[in-house]
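Text of my_file33.txt, listed as compact mmCIF, C-alpha atoms:
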```txt
# COMPACT_ATOMS: atom_id res chain seq x y z
CA MET A 198 82.05 100.97 150.29
CA GLY A 199 79.69 99.36 147.78
CA GLN A 200 78.55 102.77 146.55
CA LEU A 201 82.13 103.95 146.17
CA THR A 202 82.96 100.82 144.18
CA THR A 203 79.95 101.39 141.92
CA LEU A 204 80.94 105.03 141.46
CA TRP A 205 84.51 104.05 140.61
CA HIS A 206 83.34 101.46 138.10
CA SER A 207 81.17 104.08 136.39
CA THR A 208 84.06 106.48 135.77
CA GLY A 209 85.75 106.80 132.45
CA VAL A 210 89.15 106.14 134.00
CA TYR A 211 88.07 102.63 135.12
CA GLN A 212 86.42 101.82 131.78
CA LEU A 213 89.23 103.22 129.64
CA SER A 214 90.82 100.53 127.49
CA LEU A 215 94.36 100.61 126.14
CA GLY A 216 92.99 101.05 122.60
CA GLN A 217 90.84 104.00 123.63
CA PHE A 218 93.80 105.62 125.39
CA PHE A 219 95.89 105.21 122.24
CA MET A 220 93.17 106.78 120.08
CA LEU A 221 92.79 109.68 122.51
CA CYS A 222 96.51 110.29 121.97
CA ILE A 223 95.98 110.12 118.19
CA GLY A 224 93.22 112.72 118.51
CA MET A 225 95.55 114.95 120.52
CA LEU A 226 98.26 114.48 117.88
CA LEU A 227 95.88 115.61 115.13
CA LEU A 228 95.02 118.71 117.17
CA TYR A 229 98.73 119.40 117.67
CA LEU A 230 99.46 119.10 113.94
CA ALA A 231 96.53 121.40 113.15
CA ILE A 232 97.24 124.07 115.75
CA ALA A 233 101.03 124.06 116.16
CA LYS A 234 102.06 122.98 112.65
CA LYS A 235 99.01 124.41 110.81
CA PHE A 236 98.52 121.18 108.82
CA GLU A 237 95.00 121.39 107.30
CA PRO A 238 93.58 122.94 110.51
CA LEU A 239 90.10 123.47 109.06
CA LEU A 240 89.59 119.71 108.97
CA LEU A 241 92.14 118.21 111.34
CA ILE A 242 90.73 120.16 114.31
CA PRO A 243 87.15 118.82 113.95
CA ILE A 244 88.43 115.35 112.95
CA GLY A 245 90.82 115.20 115.90
CA PHE A 246 88.24 116.48 118.36
CA GLY A 247 85.63 114.11 116.97
CA GLY A 248 88.11 111.26 117.46
CA ILE A 249 88.57 112.26 121.10
CA LEU A 250 84.81 112.41 121.69
CA SER A 251 84.22 109.03 120.03
CA ASN A 252 86.74 107.30 122.33
CA ILE A 253 85.48 108.62 125.66
CA PRO A 254 84.55 105.40 127.53
CA GLY A 255 81.05 104.89 128.85
CA VAL A 256 79.40 107.36 126.44
CA ASP A 257 77.92 106.16 123.15
CA ILE A 258 78.41 109.46 121.37
CA ALA A 259 79.58 107.91 118.09
CA VAL A 260 77.11 104.99 117.85
CA GLY A 261 73.38 104.45 118.08
CA GLN A 262 71.60 107.69 118.89
CA GLY A 263 74.83 109.56 119.70
CA VAL A 264 75.16 113.00 118.19
CA LEU A 265 78.29 112.18 116.16
CA HIS A 266 76.63 109.11 114.69
CA GLN A 267 73.63 111.25 113.76
CA PHE A 268 75.94 113.68 111.97
CA TYR A 269 77.53 110.73 110.16
CA ALA A 270 74.20 109.22 109.15
CA MET A 271 72.87 112.59 108.01
CA GLY A 272 75.85 113.72 105.96
CA ILE A 273 78.28 110.89 105.17
CA GLU A 274 75.98 107.92 104.62
CA THR A 275 73.84 110.07 102.34
CA GLY A 276 76.90 111.62 100.67
CA ILE A 277 75.59 115.14 101.30
CA PHE A 278 78.58 116.62 103.15
CA PRO A 279 81.28 115.77 100.55
CA LEU A 280 79.01 116.98 97.75
CA VAL A 281 78.34 120.31 99.45
CA ILE A 282 82.08 120.70 100.06
CA PHE A 283 82.69 120.04 96.37
CA MET A 284 80.15 122.72 95.46
CA GLY A 285 82.06 125.16 97.66
CA VAL A 286 85.37 124.16 96.08
CA GLY A 287 83.84 124.77 92.65
CA ALA A 288 82.75 128.24 93.74
CA LEU A 289 86.32 128.96 94.85
CA THR A 290 87.96 127.61 91.68
CA ASP A 291 89.15 129.62 88.71
CA PHE A 292 89.29 127.53 85.51
CA GLY A 293 91.19 130.33 83.76
CA PRO A 294 94.71 128.79 83.96
CA LEU A 295 93.40 125.45 82.65
CA LEU A 296 91.51 127.08 79.77
CA ALA A 297 94.52 129.26 78.93
CA ASN A 298 96.74 126.17 78.62
CA PRO A 299 94.52 123.12 77.96
CA LYS A 300 97.56 120.83 77.67
CA THR A 301 97.84 120.85 81.44
CA LEU A 302 94.72 118.68 81.53
CA PHE A 303 97.00 115.76 80.64
CA LEU A 304 99.13 116.46 83.70
CA GLY A 305 96.10 116.29 85.99
CA ALA A 306 95.02 113.07 84.30
CA ALA A 307 98.48 111.49 84.61
CA ALA A 308 98.63 112.23 88.33
CA GLN A 309 95.56 110.04 88.85
CA PHE A 310 97.64 106.99 87.93
CA GLY A 311 98.50 106.73 91.62
CA ILE A 312 94.87 105.89 92.35
CA PHE A 313 94.76 102.89 90.06
CA ALA A 314 98.30 101.75 90.91
CA THR A 315 97.31 101.63 94.58
CA LEU A 316 94.12 99.76 93.74
CA LEU A 317 96.24 97.10 92.02
CA GLY A 318 98.65 97.11 94.98
CA ALA A 319 95.81 96.47 97.45
CA VAL A 320 94.54 93.63 95.26
CA ALA A 321 98.08 92.19 95.10
CA LEU A 322 98.41 92.28 98.90
CA THR A 323 95.14 90.37 99.13
CA ARG A 324 96.27 87.78 96.58
CA THR A 325 99.52 87.19 98.44
CA GLY A 326 97.71 86.86 101.77
CA VAL A 327 99.51 89.79 103.46
CA LEU A 328 96.23 91.64 104.04
CA GLU A 329 92.64 91.05 103.07
CA PHE A 330 90.83 93.72 101.07
CA THR A 331 87.76 93.29 98.94
CA LEU A 332 87.67 95.01 95.56
CA SER A 333 85.44 97.74 97.01
CA GLU A 334 87.85 98.32 99.89
CA ALA A 335 90.84 98.40 97.53
CA ALA A 336 89.08 100.98 95.36
CA ALA A 337 88.26 103.14 98.38
CA ILE A 338 91.91 103.00 99.52
CA GLY A 339 93.20 103.86 96.04
CA ILE A 340 91.29 107.14 95.90
CA ILE A 341 93.66 108.52 98.57
CA GLY A 342 96.13 109.01 95.71
CA GLY A 343 93.92 111.75 94.32
CA ALA A 344 94.84 113.94 97.35
CA ASP A 345 91.26 115.16 97.41
CA GLY A 346 89.68 114.82 100.85
CA PRO A 347 85.98 115.21 99.94
CA THR A 348 86.36 112.74 97.07
CA ALA A 349 88.09 110.22 99.32
CA ILE A 350 85.33 110.53 101.92
CA TYR A 351 82.60 110.24 99.29
CA VAL A 352 84.09 107.11 97.71
CA ALA A 353 84.84 105.51 101.09
CA GLY A 354 81.30 106.24 102.26
CA GLN A 355 79.96 104.53 99.15
CA LEU A 356 82.31 101.55 98.94
CA ALA A 357 83.85 100.89 102.39
CA PRO A 358 82.23 102.94 105.18
CA HIS A 359 83.92 100.84 107.89
CA LEU A 360 87.32 102.09 106.60
CA LEU A 361 86.24 105.72 106.40
CA GLY A 362 88.21 106.87 109.45
CA ALA A 363 91.56 105.50 108.29
CA ILE A 364 91.03 106.62 104.68
CA ALA A 365 89.97 110.14 105.67
CA VAL A 366 92.84 110.59 108.13
CA ALA A 367 95.33 109.30 105.53
CA ALA A 368 93.92 111.53 102.78
CA TYR A 369 93.97 114.72 104.82
CA SER A 370 97.27 113.93 106.51
CA TYR A 371 99.02 113.48 103.18
CA MET A 372 97.34 116.61 101.80
CA ALA A 373 98.71 118.50 104.78
CA LEU A 374 102.18 117.03 104.22
CA VAL A 375 102.37 118.09 100.56
CA PRO A 376 105.19 120.59 101.30
CA LEU A 377 107.24 117.77 102.83
CA ILE A 378 106.40 114.82 100.56
CA GLN A 379 106.47 116.35 97.08
CA PRO A 380 109.71 118.41 96.82
CA PRO A 381 112.13 115.44 97.17
CA ILE A 382 110.24 113.53 94.46
CA MET A 383 110.16 116.59 92.20
CA ARG A 384 113.90 117.19 92.58
CA LEU A 385 114.73 113.51 92.07
CA LEU A 386 112.87 113.30 88.74
CA THR A 387 114.00 116.62 87.25
CA THR A 388 117.31 118.21 86.34
CA GLU A 389 118.40 121.69 87.42
CA LYS A 390 117.96 122.84 83.81
CA GLU A 391 114.39 121.52 83.67
CA ARG A 392 113.49 123.24 86.94
CA GLN A 393 114.74 126.53 85.48
CA ILE A 394 112.38 126.44 82.49
CA GLU A 395 110.40 129.69 82.31
CA MET A 396 106.91 129.40 80.87
CA VAL A 397 105.26 132.06 78.71
CA GLN A 398 102.56 134.26 80.17
CA LEU A 399 99.08 132.77 80.00
CA ARG A 400 96.54 134.31 77.64
CA GLU A 401 93.53 136.11 79.03
CA VAL A 402 90.45 133.86 79.21
CA SER A 403 87.09 135.46 78.40
CA GLN A 404 84.14 135.38 80.74
CA ARG A 405 82.10 133.55 78.10
CA GLU A 406 84.65 130.69 78.06
CA LYS A 407 84.51 130.43 81.83
CA ILE A 408 80.72 130.25 81.80
CA PHE A 409 80.50 127.61 79.09
CA PHE A 410 83.30 125.39 80.42
CA PRO A 411 81.56 123.89 83.52
CA ILE A 412 78.43 123.20 81.45
CA VAL A 413 80.37 121.49 78.65
CA LEU A 414 82.56 119.61 81.14
CA LEU A 415 79.61 118.20 83.05
CA SER A 416 77.81 117.22 79.85
CA LEU A 417 80.81 115.30 78.51
CA VAL A 418 81.63 113.52 81.78
CA ALA A 419 78.03 112.72 82.72
CA LEU A 420 77.44 111.05 79.35
CA THR A 421 80.59 108.90 79.61
CA VAL A 422 80.90 108.24 83.37
CA PRO A 423 77.44 108.83 84.89
CA SER A 424 78.56 107.79 88.38
CA ALA A 425 80.92 110.79 88.43
CA ALA A 426 78.02 113.18 87.88
CA PRO A 427 77.19 113.82 91.58
CA LEU A 428 80.71 115.00 92.51
CA LEU A 429 81.50 116.78 89.27
CA GLY A 430 77.98 118.15 89.00
CA MET A 431 78.19 119.94 92.34
CA PHE A 432 81.69 121.15 91.47
CA CYS A 433 80.54 122.59 88.14
CA PHE A 434 77.40 124.10 89.71
CA GLY A 435 79.49 125.95 92.29
CA ASN A 436 81.82 127.21 89.56
CA LEU A 437 78.93 128.34 87.34
CA MET A 438 77.52 130.42 90.21
CA ARG A 439 80.94 132.06 90.53
CA GLU A 440 81.44 132.80 86.85
CA SER A 441 77.89 133.75 85.86
CA GLY A 442 78.20 137.05 87.70
CA VAL A 443 74.48 137.25 88.43
CA VAL A 444 74.23 135.32 91.72
CA ASP A 445 76.99 136.89 93.78
CA ARG A 446 75.07 136.36 97.02
CA LEU A 447 74.73 132.63 96.37
CA SER A 448 78.33 132.32 95.28
CA GLU A 449 79.67 134.17 98.33
CA THR A 450 77.49 132.10 100.67
CA THR A 451 78.73 128.89 99.06
CA GLN A 452 82.37 130.01 99.26
CA ASN A 453 82.15 131.05 102.91
CA ALA A 454 79.29 130.25 105.29
CA LEU A 455 77.98 127.07 103.65
CA ILE A 456 81.33 125.38 103.10
CA ASN A 457 82.52 126.35 106.59
CA ILE A 458 79.43 124.98 108.34
CA THR A 459 79.59 121.77 106.34
CA THR A 460 83.30 121.39 107.08
CA ILE A 461 82.57 121.40 110.82
CA PHE A 462 79.98 118.62 110.57
CA LEU A 463 82.07 116.69 108.05
CA GLY A 464 85.13 116.71 110.32
CA LEU A 465 83.18 115.61 113.38
CA SER A 466 81.49 112.86 111.36
CA VAL A 467 84.83 111.53 110.14
CA GLY A 468 86.19 111.74 113.69
CA SER A 469 83.35 109.51 114.85
CA LYS A 470 84.94 106.70 112.81
CA LEU A 471 88.20 106.88 114.75
CA ARG A 472 86.88 104.57 117.43
CA ALA A 473 89.52 102.18 118.75
CA ASP A 474 87.64 99.02 117.75
CA GLN A 475 87.40 100.23 114.13
CA PHE A 476 90.74 102.01 113.70
CA LEU A 477 93.22 99.79 115.55
CA VAL A 478 93.23 96.89 113.09
CA PRO A 479 96.03 95.62 110.79
CA GLU A 480 94.23 96.98 107.75
CA THR A 481 94.72 100.54 109.04
CA LEU A 482 98.51 100.31 108.74
CA GLY A 483 98.10 98.89 105.25
CA ILE A 484 95.82 101.80 104.31
CA LEU A 485 98.33 104.37 105.58
CA VAL A 486 101.20 102.75 103.65
CA LEU A 487 99.18 102.31 100.46
CA GLY A 488 97.90 105.87 100.71
CA MET A 489 101.45 107.21 100.93
CA LEU A 490 102.46 105.14 97.89
CA ALA A 491 99.44 106.42 95.98
CA PHE A 492 100.35 110.01 96.73
CA CYS A 493 104.01 109.52 95.76
CA ILE A 494 103.12 107.69 92.54
CA GLY A 495 100.62 110.40 91.57
CA THR A 496 103.26 113.10 92.11
CA ALA A 497 105.84 111.17 90.10
CA THR A 498 103.57 110.39 87.15
CA GLY A 499 102.51 114.03 86.88
CA VAL A 500 106.14 115.13 86.64
CA LEU A 501 107.03 112.36 84.18
CA MET A 502 104.07 113.24 81.96
CA ALA A 503 105.34 116.84 81.74
CA LYS A 504 108.79 115.55 80.75
CA PHE A 505 107.21 113.35 78.07
CA MET A 506 105.15 116.26 76.71
CA ASN A 507 108.34 118.29 76.36
CA LEU A 508 109.69 115.61 74.00
CA VAL A 509 106.79 116.06 71.57
CA SER A 510 106.00 119.76 72.02
CA LYS A 511 107.87 122.86 70.89
CA GLN A 512 106.51 124.95 73.77
CA GLN A 513 108.32 123.67 76.84
CA ILE A 514 106.57 122.96 80.14
CA ASN A 515 108.36 123.16 83.46
CA PRO A 516 108.00 119.57 84.76
CA LEU A 517 107.52 120.83 88.30
CA ILE A 518 103.94 121.87 87.55
CA GLY A 519 103.10 118.22 86.80
CA ALA A 520 103.30 117.50 90.53
CA ALA A 521 100.36 119.88 91.06
CA GLY A 522 98.13 117.40 89.23
CA VAL A 523 97.49 115.50 92.46
CA SER A 524 94.65 117.93 93.20
CA ALA A 525 95.57 119.30 96.64
CA VAL A 526 94.31 122.80 95.74
CA PRO A 527 96.08 125.23 95.96
CA MET A 528 98.86 123.83 98.16
CA ALA A 529 100.40 121.61 95.47
CA ALA A 530 100.55 124.57 93.05
CA ARG A 531 102.29 126.67 95.71
CA VAL A 532 104.84 123.92 96.31
CA ALA A 533 105.61 123.71 92.57
CA ASN A 534 106.07 127.48 92.51
CA ARG A 535 108.37 127.42 95.56
CA VAL A 536 110.60 124.65 94.17
CA GLY A 537 110.79 126.51 90.85
CA LEU A 538 111.88 129.72 92.56
CA GLU A 539 114.70 127.83 94.29
CA SER A 540 116.28 127.11 90.90
CA ASN A 541 115.31 130.36 89.18
CA PRO A 542 114.33 133.41 91.25
CA HIS A 543 112.51 134.86 88.21
CA ASN A 544 110.46 131.72 87.55
CA PHE A 545 106.90 132.25 88.79
CA LEU A 546 104.97 129.02 88.19
CA LEU A 547 101.95 129.51 90.45
CA MET A 548 99.36 130.37 87.80
CA HIS A 549 100.79 127.76 85.41
CA ALA A 550 100.60 125.13 88.16
CA MET A 551 96.97 126.00 88.87
CA GLY A 552 96.06 124.46 85.49
CA PRO A 553 97.06 120.88 86.36
CA ASN A 554 95.94 121.52 89.95
CA VAL A 555 92.36 122.20 88.82
CA ALA A 556 92.63 119.40 86.26
CA GLY A 557 93.54 117.10 89.13
CA VAL A 558 90.28 117.93 90.90
CA ILE A 559 88.38 117.02 87.74
CA GLY A 560 90.49 113.89 87.28
CA SER A 561 89.94 112.66 90.84
CA ALA A 562 86.17 113.12 90.47
CA VAL A 563 86.17 111.14 87.22
CA ALA A 564 88.38 108.45 88.78
CA ALA A 565 85.96 108.26 91.72
CA GLY A 566 83.09 107.73 89.31
CA ILE A 567 84.96 104.95 87.53
CA LEU A 568 85.77 103.20 90.81
CA ILE A 569 82.17 103.42 92.00
CA MET A 570 80.94 102.15 88.63
CA PHE A 571 83.12 99.04 88.63
CA ALA A 572 83.56 98.30 92.34
CA GLY A 573 80.30 99.54 93.80
```
As structure tokens, the full file:
Amino acid sequence: MGQLTTLWHSTGVYQLSLGQFFMLCIGMLLLYLAIAKKFEPLLLIPIGFGGILSNIPGVDIAVGQGVLHQFYAMGIETGIFPLVIFMGVGALTDFGPLLANPKTLFLGAAAQFGIFATLLGAVALTRTGVLEFTLSEAAAIGIIGGADGPTAIYVAGQLAPHLLGAIAVAAYSYMALVPLIQPPIMRLLTTEKERQIEMVQLREVSQREKIFFPIVLLSLVALTVPSAAPLLGMFCFGNLMRESGVVDRLSETTQNALINITTIFLGLSVGSKLRADQFLVPETLGILVLGMLAFCIGTATGVLMAKFMNLVSKQQINPLIGAAGVSAVPMAARVANRVGLESNPHNFLLMHAMGPNVAGVIGSAVAAGILIMFAG
């Protein structure tokens, strides 16, 4: 009987706490959203599975010498995984639409307002005693508004590693929900006539322009916001490999094998931070709410900036493409195109929306550098 009791006490069922059971359900939910609903499956599957592994009772897989903790220490604490992902994103990015219509850079910049508005909101909640966030934690939460998963993970790893799980899940969840969150905001802030605006065809961008742009961009940003150099530097390096035309093997490896391998380890590392004792705290709910507000504000300010630019410019911009400035590449651009087609079947906005979409990636990296500079 004593041996049976000991055996029973050593099982995971006996050791399972209510919090761990809840987090196992959360992990299952993430897998469901990824597989059945196809919401960001490349990251939600490893994050969800990592969350399940980290909450199995009686096994220290996500702490100490556990394999998930080793992945986290190797790639998140050092910042390597998000930077490699950013290099891959750079290799996949075409700056052509942005260079063909440089004005869209303002749309990407305006959409980053959600980041700083949420930072102020987190500080206000702390001042009023509703929740308690330090300035570093508030900055890490605010970056969710950039709708850029690697950037959110990088900033959280630098400023508030204990909040990484909630911030990463919020960032990627809202990125996955772009087709649901953005259209109502876009329709609310625009008229039917504005949504029907047809934009002129973009000019052809030369290869020389595409080669020089990442070099010039990095030089300008690194000299003004040095702390943004790691993220933007890897992004520009990946893009230079793509556009140079002389290192196709490196570019293809970065776009495919390297980014895919890193994504697996990044997702599992983030999942290791979904442990019940770290995730099930009041601050998590606050992070999810603030993250949603950041995303909505970023979408709204991008659209409003486009409307303002139409007041001072002869060449009209369809305000819908302003929503693509939140950086969720290329999903936000596709959503802008779809909403535009609803009002005008001949209105193809995809390439026009890619301009602010790419500008949003640049803007979120610069915003991350500013936050790290002042809150780190």
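Atom to atom, CA of Asn252 in chain A and CA of Phe236 in chain A stand 22.7 Å apart.
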> Pick the closest to Gln267 in chain A from A:Thr459, A:Gln404, A:Ser466, A:Gln393: which is it, counting only C-alpha atoms?
Replying inline: A:Ser466
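Minimum atom-to-atom distance to Asn544 in chain A, evaluated using all atoms listed in the file, belongs to A:Val397 out of A:Leu328, A:Ala572, A:Val418, A:Val397.
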Extending 8 Å beyond the listed atoms of range 440-459 of chain A on each side, what axis-aligned box results? I want centre and edge lengths in Å to one decimal, as AutoDock Vina command-line options.
```
--center_x 78.4 --center_y 129.5 --center_z 97.1 --size_x 24.3 --size_y 31.5 --size_z 38.5
```
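The nearest approach to Val320 in chain A among the residues A:Ser448, A:Thr202, A:Gly483, A:Leu289, with only C-alpha atoms taken into account, belongs to A:Gly483.
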>> Show me, as a PyMOL selection string, the residues that have an atom within 12 Å of range 505-510 of chain A when counting all atoms listed in the file, minus same-chain residues fewer than 2 positions from it.
In response: chain A and resi 300-304+307+387+391+394+498-503+512-516+519
>> Residues within 9 Å of Ala337 in chain A, please, as a PyMOL selection string. Count only C-alpha atoms; anything in the same chain fewer than 3 positions from it doesn't count.
In response: chain A and resi 316+332-334+340-341+349-350+352-357+360-361+364+565+568-569
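Between CA of Ala365 in chain A and CA of Gly566 in chain A there is a distance of 17.9 Å.
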Distance table requested - range 236-267 of chain A against range 470-474 of chain A, cut-off 9 Å, all atoms listed in the file: one row per qualifying residue with the closest atom pair and its distance in Å to one decimal, ordered by chain and rising residue number, as a Markdown table.
```
| residue | atom | partner | partner_atom | distance |
| --- | --- | --- | --- | --- |
| A:Ile244 | CA | A:Leu471 | CA | 8.7 |
| A:Gly245 | CA | A:Leu471 | CA | 8.8 |
| A:Gly247 | CA | A:Leu471 | CA | 8.0 |
| A:Gly248 | CA | A:Leu471 | CA | 5.2 |
| A:Ile249 | CA | A:Leu471 | CA | 8.3 |
| A:Ser251 | CA | A:Arg472 | CA | 5.8 |
| A:Asn252 | CA | A:Arg472 | CA | 5.6 |
| A:Ala259 | CA | A:Lys470 | CA | 7.6 |
| A:His266 | CA | A:Lys470 | CA | 8.9 |
```
> Can you tell me, as a PyMOL selection string, which residues sit within 10 Å of (101.0, 104.9, 102.4) in the file's frame, using all atoms listed in the file?
Replying inline: chain A and resi 315+338+341-342+367-368+371+482-493
> Within 12 Å of Tyr229 in chain A, counting only C-alpha atoms, which residues qualify if same-chain residues fewer than 4 places away don't, as a list of chain:residue names?
Replying inline: A:Cys222, A:Ile223, A:Gly224, A:Met225, A:Ala233, A:Lys234, A:Lys235, A:Phe236, A:Glu237, A:Pro238, A:Leu241, A:Ile242, A:Gly245, A:Phe246
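Checking A:Gly339, A:Pro376, A:Gly287, A:Gly261 one by one against Glu440 in chain A, counting only C-alpha atoms, you find the shortest gap at A:Gly287.
In this model, the gap between CA of Lys504 in chain A and CA of Leu517 in chain A comes to 9.3 Å.
Using only C-alpha atoms for every distance, the candidate list A:Leu428, A:Leu213, A:Met284, A:Pro243 yields A:Pro243 as the residue closest to Leu265 in chain A.
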Leaving out Gly560 in chain A and any residue of its chain fewer than 3 positions from it, which residues lie within 12 Å of it when counting all atoms listed in the file, given as a tab-separated table (two decimals) with C-alpha atoms, keeping the file's coordinate frame?
```tsv
chain	number	residue	atom	x	y	z
A	301	THR	CA	97.84	120.85	81.44
A	302	LEU	CA	94.72	118.68	81.53
A	303	PHE	CA	97.00	115.76	80.64
A	304	LEU	CA	99.13	116.46	83.70
A	305	GLY	CA	96.10	116.29	85.99
A	306	ALA	CA	95.02	113.07	84.30
A	307	ALA	CA	98.48	111.49	84.61
A	308	ALA	CA	98.63	112.23	88.33
A	309	GLN	CA	95.56	110.04	88.85
A	310	PHE	CA	97.64	106.99	87.93
A	311	GLY	CA	98.50	106.73	91.62
A	312	ILE	CA	94.87	105.89	92.35
A	340	ILE	CA	91.29	107.14	95.90
A	342	GLY	CA	96.13	109.01	95.71
A	343	GLY	CA	93.92	111.75	94.32
A	344	ALA	CA	94.84	113.94	97.35
A	345	ASP	CA	91.26	115.16	97.41
A	348	THR	CA	86.36	112.74	97.07
A	414	LEU	CA	82.56	119.61	81.14
A	418	VAL	CA	81.63	113.52	81.78
A	422	VAL	CA	80.90	108.24	83.37
A	425	ALA	CA	80.92	110.79	88.43
A	428	LEU	CA	80.71	115.00	92.51
A	429	LEU	CA	81.50	116.78	89.27
A	495	GLY	CA	100.62	110.40	91.57
A	522	GLY	CA	98.13	117.40	89.23
A	523	VAL	CA	97.49	115.50	92.46
A	524	SER	CA	94.65	117.93	93.20
A	525	ALA	CA	95.57	119.30	96.64
A	553	PRO	CA	97.06	120.88	86.36
A	554	ASN	CA	95.94	121.52	89.95
A	555	VAL	CA	92.36	122.20	88.82
A	556	ALA	CA	92.63	119.40	86.26
A	557	GLY	CA	93.54	117.10	89.13
A	563	VAL	CA	86.17	111.14	87.22
A	564	ALA	CA	88.38	108.45	88.78
A	565	ALA	CA	85.96	108.26	91.72
A	566	GLY	CA	83.09	107.73	89.31
A	567	ILE	CA	84.96	104.95	87.53
```
